[in-house]
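Have a look at the structure below before the remarks.
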Amino acid sequence: MAGALEHLRVLEVGDLVGAPYAGKLLADLGADVVKIERPGSGDRARQRGPFPGGVPHPEKSGLFLYLNANKRGVTLDLETPAGQGAFDRLAAGADLLIHNVHPVDAPAHGLDYARLAAVNPRLVVTAVSPFGATGPHAHYRGPDLVTWSAGGVATLNGDPARPDLPPLRVPGDQSGYQAALNAAIASLGSLFARLTTGRGEFIDVSAQESVAAILELTFEYWPYTGLIASRLGAKPIQPLCFMECRDGWIFVCAIEEHQWRQFVEIMGRPEWAEMELFENRLARGANFDALRVFLQEWCRDQSVHELYEQAQRRRVPFAPVSTMGDLLGSSHLKARGFFATLAHPVAGPVTMPGAPYKMSATPWTLRRPAPTLGQHTAEVLAEAGVDVAALARAGGC
Amino acid sequence: MAGRAPLAGIRVADFTWVWAGPFCTLQLAHLGAEVIRVETSTRICVTRMLPPFPRHEKPHFNRSGYFNQYNQGKKSVALDMKRPEALEVAKRLCAASDIVTENFAAGVMDRMGLGYDVVHGLRADVIMIALSGYGATGPDRDKVSYGPAQVPLSGLSSVTGYHGYPPMHVGVSYGDPTGGLHGAVAVLAALLHRARTGQGQYVDLSQWETSMAVLPEPILDWTMNRHQQPRDGNRDPQMAPHGVFRAAGDDRWVAIAIEDDAAWQRFAVAIGRPDLGDDPRLAGVVGRKQHEDLLEEAVAAWSAALPPEEVTARLQAAGVAAFTATTNRNISEDPHLAARGFFAEQPHPEVGVRQHIGVPWRMSESDCRVRAAAPCLGADTDQVLRDVCGYRDREITALREAQVLT
């Protein structure tokens, strides 16, 4: 069976996560994605790792190998006229360009939309940037820590008992993933519109806005009540907390009364659980300092897996704090075939996350490993009718 | 933006609730699809009863800021699926829809009589997506999933936390929006495939799996090296300084990330510490990582005297990445976001005009926006039954008298 997007031709000028994950979402559904990297060093994800044995190597970075599987790789120096000329030949035959070159730098790379629209009016151009392509902060710089904080989620994470500790991030360029998902959604929506209009357009995706879009119920506290949401607020209802067991950590979730009663049964109905201090979820929230001590004492002797299974059998949504080893060992994920192993000519076999969704008619597939730097330059440029030797002489690739 | 809505004419029968599913269909509504939420007052959507409510009034299902944020631009039909007559209404709605969405536990739609086999029988080219916690297959498929529990299950909590601290959360139920956005990608790809071939399909999405799809660095460090990455606060292995620092004001903080050695030099000048820039031990990131504790003290000594907006302005002017760790109020009042037209303020019959988060992207030609406020429960029942499902007015009246439309 063919992929859902197998007729789609995509160009990606991507660094790290913001554009490359969008390209990956499309490539894994069958799109022909050509990734353009700068000659010499390539995508900065090549320097990011993790690396086998912790030894940096531009063809062995785990982040790069994951984000760029299924793509073909071309080197082009977009800051030279010759490189831009070759790029235009590729753009002339493409449906979609996704890039995350900063708005300040995009024109010098030939990526301003007016110019590209003249080359190919059917081209959809999607640009991912930290703060968007317009507005007073458009020129601001921002790797993930900055855009995650600017979007407002960092402020929500911390220890309510420790106001001296700062708002806390989450690892792994999550604002990049959120922006990339939005870039893929907007791009596919625009390509659907193009079936009717026949015309491309420019799409401006902001990482800051992509984070602000997932503030759950916290943003509206300001317009609805005038309250400022903070990491320092204690949870009104409990228990909804992390507890240490003898072999790891578990997430305890028994906020509904029926869940709490089931948990009390699992604990063998200890006397303290009948105390007035803990008689309902609000009381358990108000007296959580005391409850935490009792719970921690009981949990310390338990096994994570057994407690998780016991709770789940009673329909109480506990979850293990999965380590990476737990994920790779999960019989459920094995049965679903989640993790995928792909052989790379330099890095060897690499096991990575697989299909995020199972599509019955057009399956998600891994077809080829991430490209080595410039692996498909000659092949792709020849397809576009570019004289590769002349381009190399002009310093364009 | 005066152009065509990308998904004009596409109809979604939306059986989702809480956050993941509604966040998926919110994106489709932004793109102009007619999203019809099937709800019931006999089992009200969880978010309708969660705060905030205007002026701290008591909970009311039409006034929740949470629900009203994530259901903008959708319609609502009230239908008690426990009534046998309701199944026929739902079937007619599915038959008239391009897309059917649900995020119940595995098997619930089958038991309701609306499994994929049934829906596919009603409409051969339908695209149906199930967004569940664990997925529709596998030995854990029947486990109970809950938004906040997805974050630890996915592995994210094991690598999130202050140095030496227990595992921590994200601040939001991160598996929900991540699952919802992946769902929208799959649905849109399926729509493009259907446009070309006429073929619909079924999509099985597990939130657990979509959460791991955005966690490759710790996962590959394990598969390559059997190394569980430690929790390390706001630090980064390849950038230093890299932290959220105390600024002037009550619990005010600013994020600062020094991306490379050139940025380090600009930073040292900008904070009036050229001596740091001149120190050869700190010229490269390896040296800065070695002395990170001391560097963080030096940064905090400078930033703590300035409001975070001032830190941001000075550093960004010098080409150094920084921004206030924003609160909801900071975002609400951000002049940049206002200038970009980020916010949506559509009139709502019960909460009036209030500021909500809009679409996190702009399209130069297509009409993409928040088209209306979130619906009151059942606001569109009659219109949808009449115009979409083909019921006559007296049939609608009879259904209502039989307590089906509630």
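Note on naming: chains are A, B, ... as they come in the structure tokens, residues start from 1 per chain, ligands start from 1 in the order shown.
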task = Residues of chain B no more than 6 Å from chain A, counting only C-alpha atoms: send them over as an NGL selection string.
result = :B and (6 or 52 or 54-55 or 65-66 or 138-140 or 144-145 or 149 or 152-153 or 155 or 158 or 160 or 170-171 or 185 or 189 or 193 or 201-205 or 209-210 or 213 or 217 or 219-221 or 223-224 or 234 or 255 or 316 or 321-323 or 325-329 or 336 or 339-340 or 355 or 360-365)
How about saving the chosen residues, C-alpha atoms kept, as a PDB file, in the first residue's frame?
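The result, written out as out.pdb:
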```pdb
ATOM      1  CA  PRO B   6      -9.149  25.407   3.209  1.00  0.00           C
ATOM      2  CA  PRO B  52     -12.106  29.176  35.184  1.00  0.00           C
ATOM      3  CA  PRO B  54     -16.239  34.326  34.843  1.00  0.00           C
ATOM      4  CA  ARG B  55     -15.688  36.244  38.073  1.00  0.00           C
ATOM      5  CA  GLY B  65     -12.945  29.214  30.030  1.00  0.00           C
ATOM      6  CA  TYR B  66     -11.299  25.828  29.453  1.00  0.00           C
ATOM      7  CA  GLY B 138      -2.216  -4.422  22.245  1.00  0.00           C
ATOM      8  CA  PRO B 139      -2.390  -5.976  25.711  1.00  0.00           C
ATOM      9  CA  ASP B 140      -2.817  -2.616  27.513  1.00  0.00           C
ATOM     10  CA  VAL B 144      -7.639   3.673  31.842  1.00  0.00           C
ATOM     11  CA  SER B 145      -5.918   6.775  30.518  1.00  0.00           C
ATOM     12  CA  ALA B 149      -0.913  10.386  33.815  1.00  0.00           C
ATOM     13  CA  PRO B 152       4.861  10.063  33.281  1.00  0.00           C
ATOM     14  CA  LEU B 153       3.739   7.068  31.197  1.00  0.00           C
ATOM     15  CA  GLY B 155       8.790   8.756  29.677  1.00  0.00           C
ATOM     16  CA  SER B 158      11.675  10.595  33.979  1.00  0.00           C
ATOM     17  CA  THR B 160      12.047  16.340  33.599  1.00  0.00           C
ATOM     18  CA  VAL B 170       5.219  19.573  32.412  1.00  0.00           C
ATOM     19  CA  GLY B 171       2.747  22.124  33.764  1.00  0.00           C
ATOM     20  CA  VAL B 185      -1.930  15.680  10.688  1.00  0.00           C
ATOM     21  CA  ALA B 189      -3.173  13.495   5.064  1.00  0.00           C
ATOM     22  CA  HIS B 193      -5.422  10.830  -0.135  1.00  0.00           C
ATOM     23  CA  GLN B 201      -9.757   4.929   6.093  1.00  0.00           C
ATOM     24  CA  TYR B 202      -9.455   4.318   9.823  1.00  0.00           C
ATOM     25  CA  VAL B 203      -6.753   5.911  11.969  1.00  0.00           C
ATOM     26  CA  ASP B 204      -5.714   4.391  15.308  1.00  0.00           C
ATOM     27  CA  LEU B 205      -3.793   6.957  17.362  1.00  0.00           C
ATOM     28  CA  GLU B 209       2.988   6.765  21.102  1.00  0.00           C
ATOM     29  CA  THR B 210       2.590  10.360  19.919  1.00  0.00           C
ATOM     30  CA  ALA B 213       7.450  10.587  18.915  1.00  0.00           C
ATOM     31  CA  GLU B 217      16.864  12.278  22.275  1.00  0.00           C
ATOM     32  CA  ILE B 219      15.005   7.342  23.723  1.00  0.00           C
ATOM     33  CA  LEU B 220      17.925   7.120  21.297  1.00  0.00           C
ATOM     34  CA  ASP B 221      20.427   7.688  24.094  1.00  0.00           C
ATOM     35  CA  THR B 223      18.810   2.475  22.396  1.00  0.00           C
ATOM     36  CA  MET B 224      22.343   3.522  21.411  1.00  0.00           C
ATOM     37  CA  ASN B 234      16.913  24.058  32.741  1.00  0.00           C
ATOM     38  CA  ALA B 255      14.983  32.716  30.208  1.00  0.00           C
ATOM     39  CA  GLN B 316      17.799  40.655  22.164  1.00  0.00           C
ATOM     40  CA  ALA B 321      18.305  34.833  22.961  1.00  0.00           C
ATOM     41  CA  ALA B 322      16.202  35.777  26.001  1.00  0.00           C
ATOM     42  CA  PHE B 323      12.589  36.235  26.980  1.00  0.00           C
ATOM     43  CA  ALA B 325       9.113  33.530  31.593  1.00  0.00           C
ATOM     44  CA  THR B 326       5.616  34.724  30.833  1.00  0.00           C
ATOM     45  CA  THR B 327       2.469  34.341  32.885  1.00  0.00           C
ATOM     46  CA  ASN B 328      -1.011  34.187  31.400  1.00  0.00           C
ATOM     47  CA  ARG B 329      -1.273  37.924  32.094  1.00  0.00           C
ATOM     48  CA  HIS B 336       3.801  41.598  19.812  1.00  0.00           C
ATOM     49  CA  ALA B 339       0.142  43.195  16.681  1.00  0.00           C
ATOM     50  CA  ARG B 340       0.154  39.778  15.026  1.00  0.00           C
ATOM     51  CA  GLN B 355      -9.950  37.144  25.075  1.00  0.00           C
ATOM     52  CA  PRO B 360      -0.764  29.850  16.043  1.00  0.00           C
ATOM     53  CA  TRP B 361      -0.075  30.331  12.336  1.00  0.00           C
ATOM     54  CA  ARG B 362      -1.081  32.795   9.586  1.00  0.00           C
ATOM     55  CA  MET B 363      -1.958  31.990   5.973  1.00  0.00           C
ATOM     56  CA  SER B 364      -1.435  34.728   3.371  1.00  0.00           C
ATOM     57  CA  GLU B 365      -4.322  33.675   1.078  1.00  0.00           C
TER      58      GLU B 365
END
```
inquiry  = Which residues are near Ala390 in chain A? Cut-off 12 Å, only C-alpha atoms, ignore same chain within fewer than 4 positions. Put them as a PyMOL selection string.
reply    = chain A and resi 82-83+85-86+378+381-382+385-386+394-397
inquiry  = Could you tell me how far CA of Gly110 in chain A sits from CA of Val380 in chain A, in Å to one decimal place?
reply    = 19.2 Å
query = Can you list, as a PyMOL selection string, every protein, DNA or RNA residue that comes within 10 Å of Tyr116 in chain B when you count only C-alpha atoms, leaving out same-chain residues fewer than 2 positions away?
reply = chain B and resi 100+109-110+113-114+118-122+126-130+201-203
key: Pairwise distance for CA of Leu215 in chain B and CA of Leu156 in chain B, rounded to one decimal in Å   =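 If I compute the distance from CA of Leu215 in chain B to CA of Leu156 in chain B, I get 7.3 Å.
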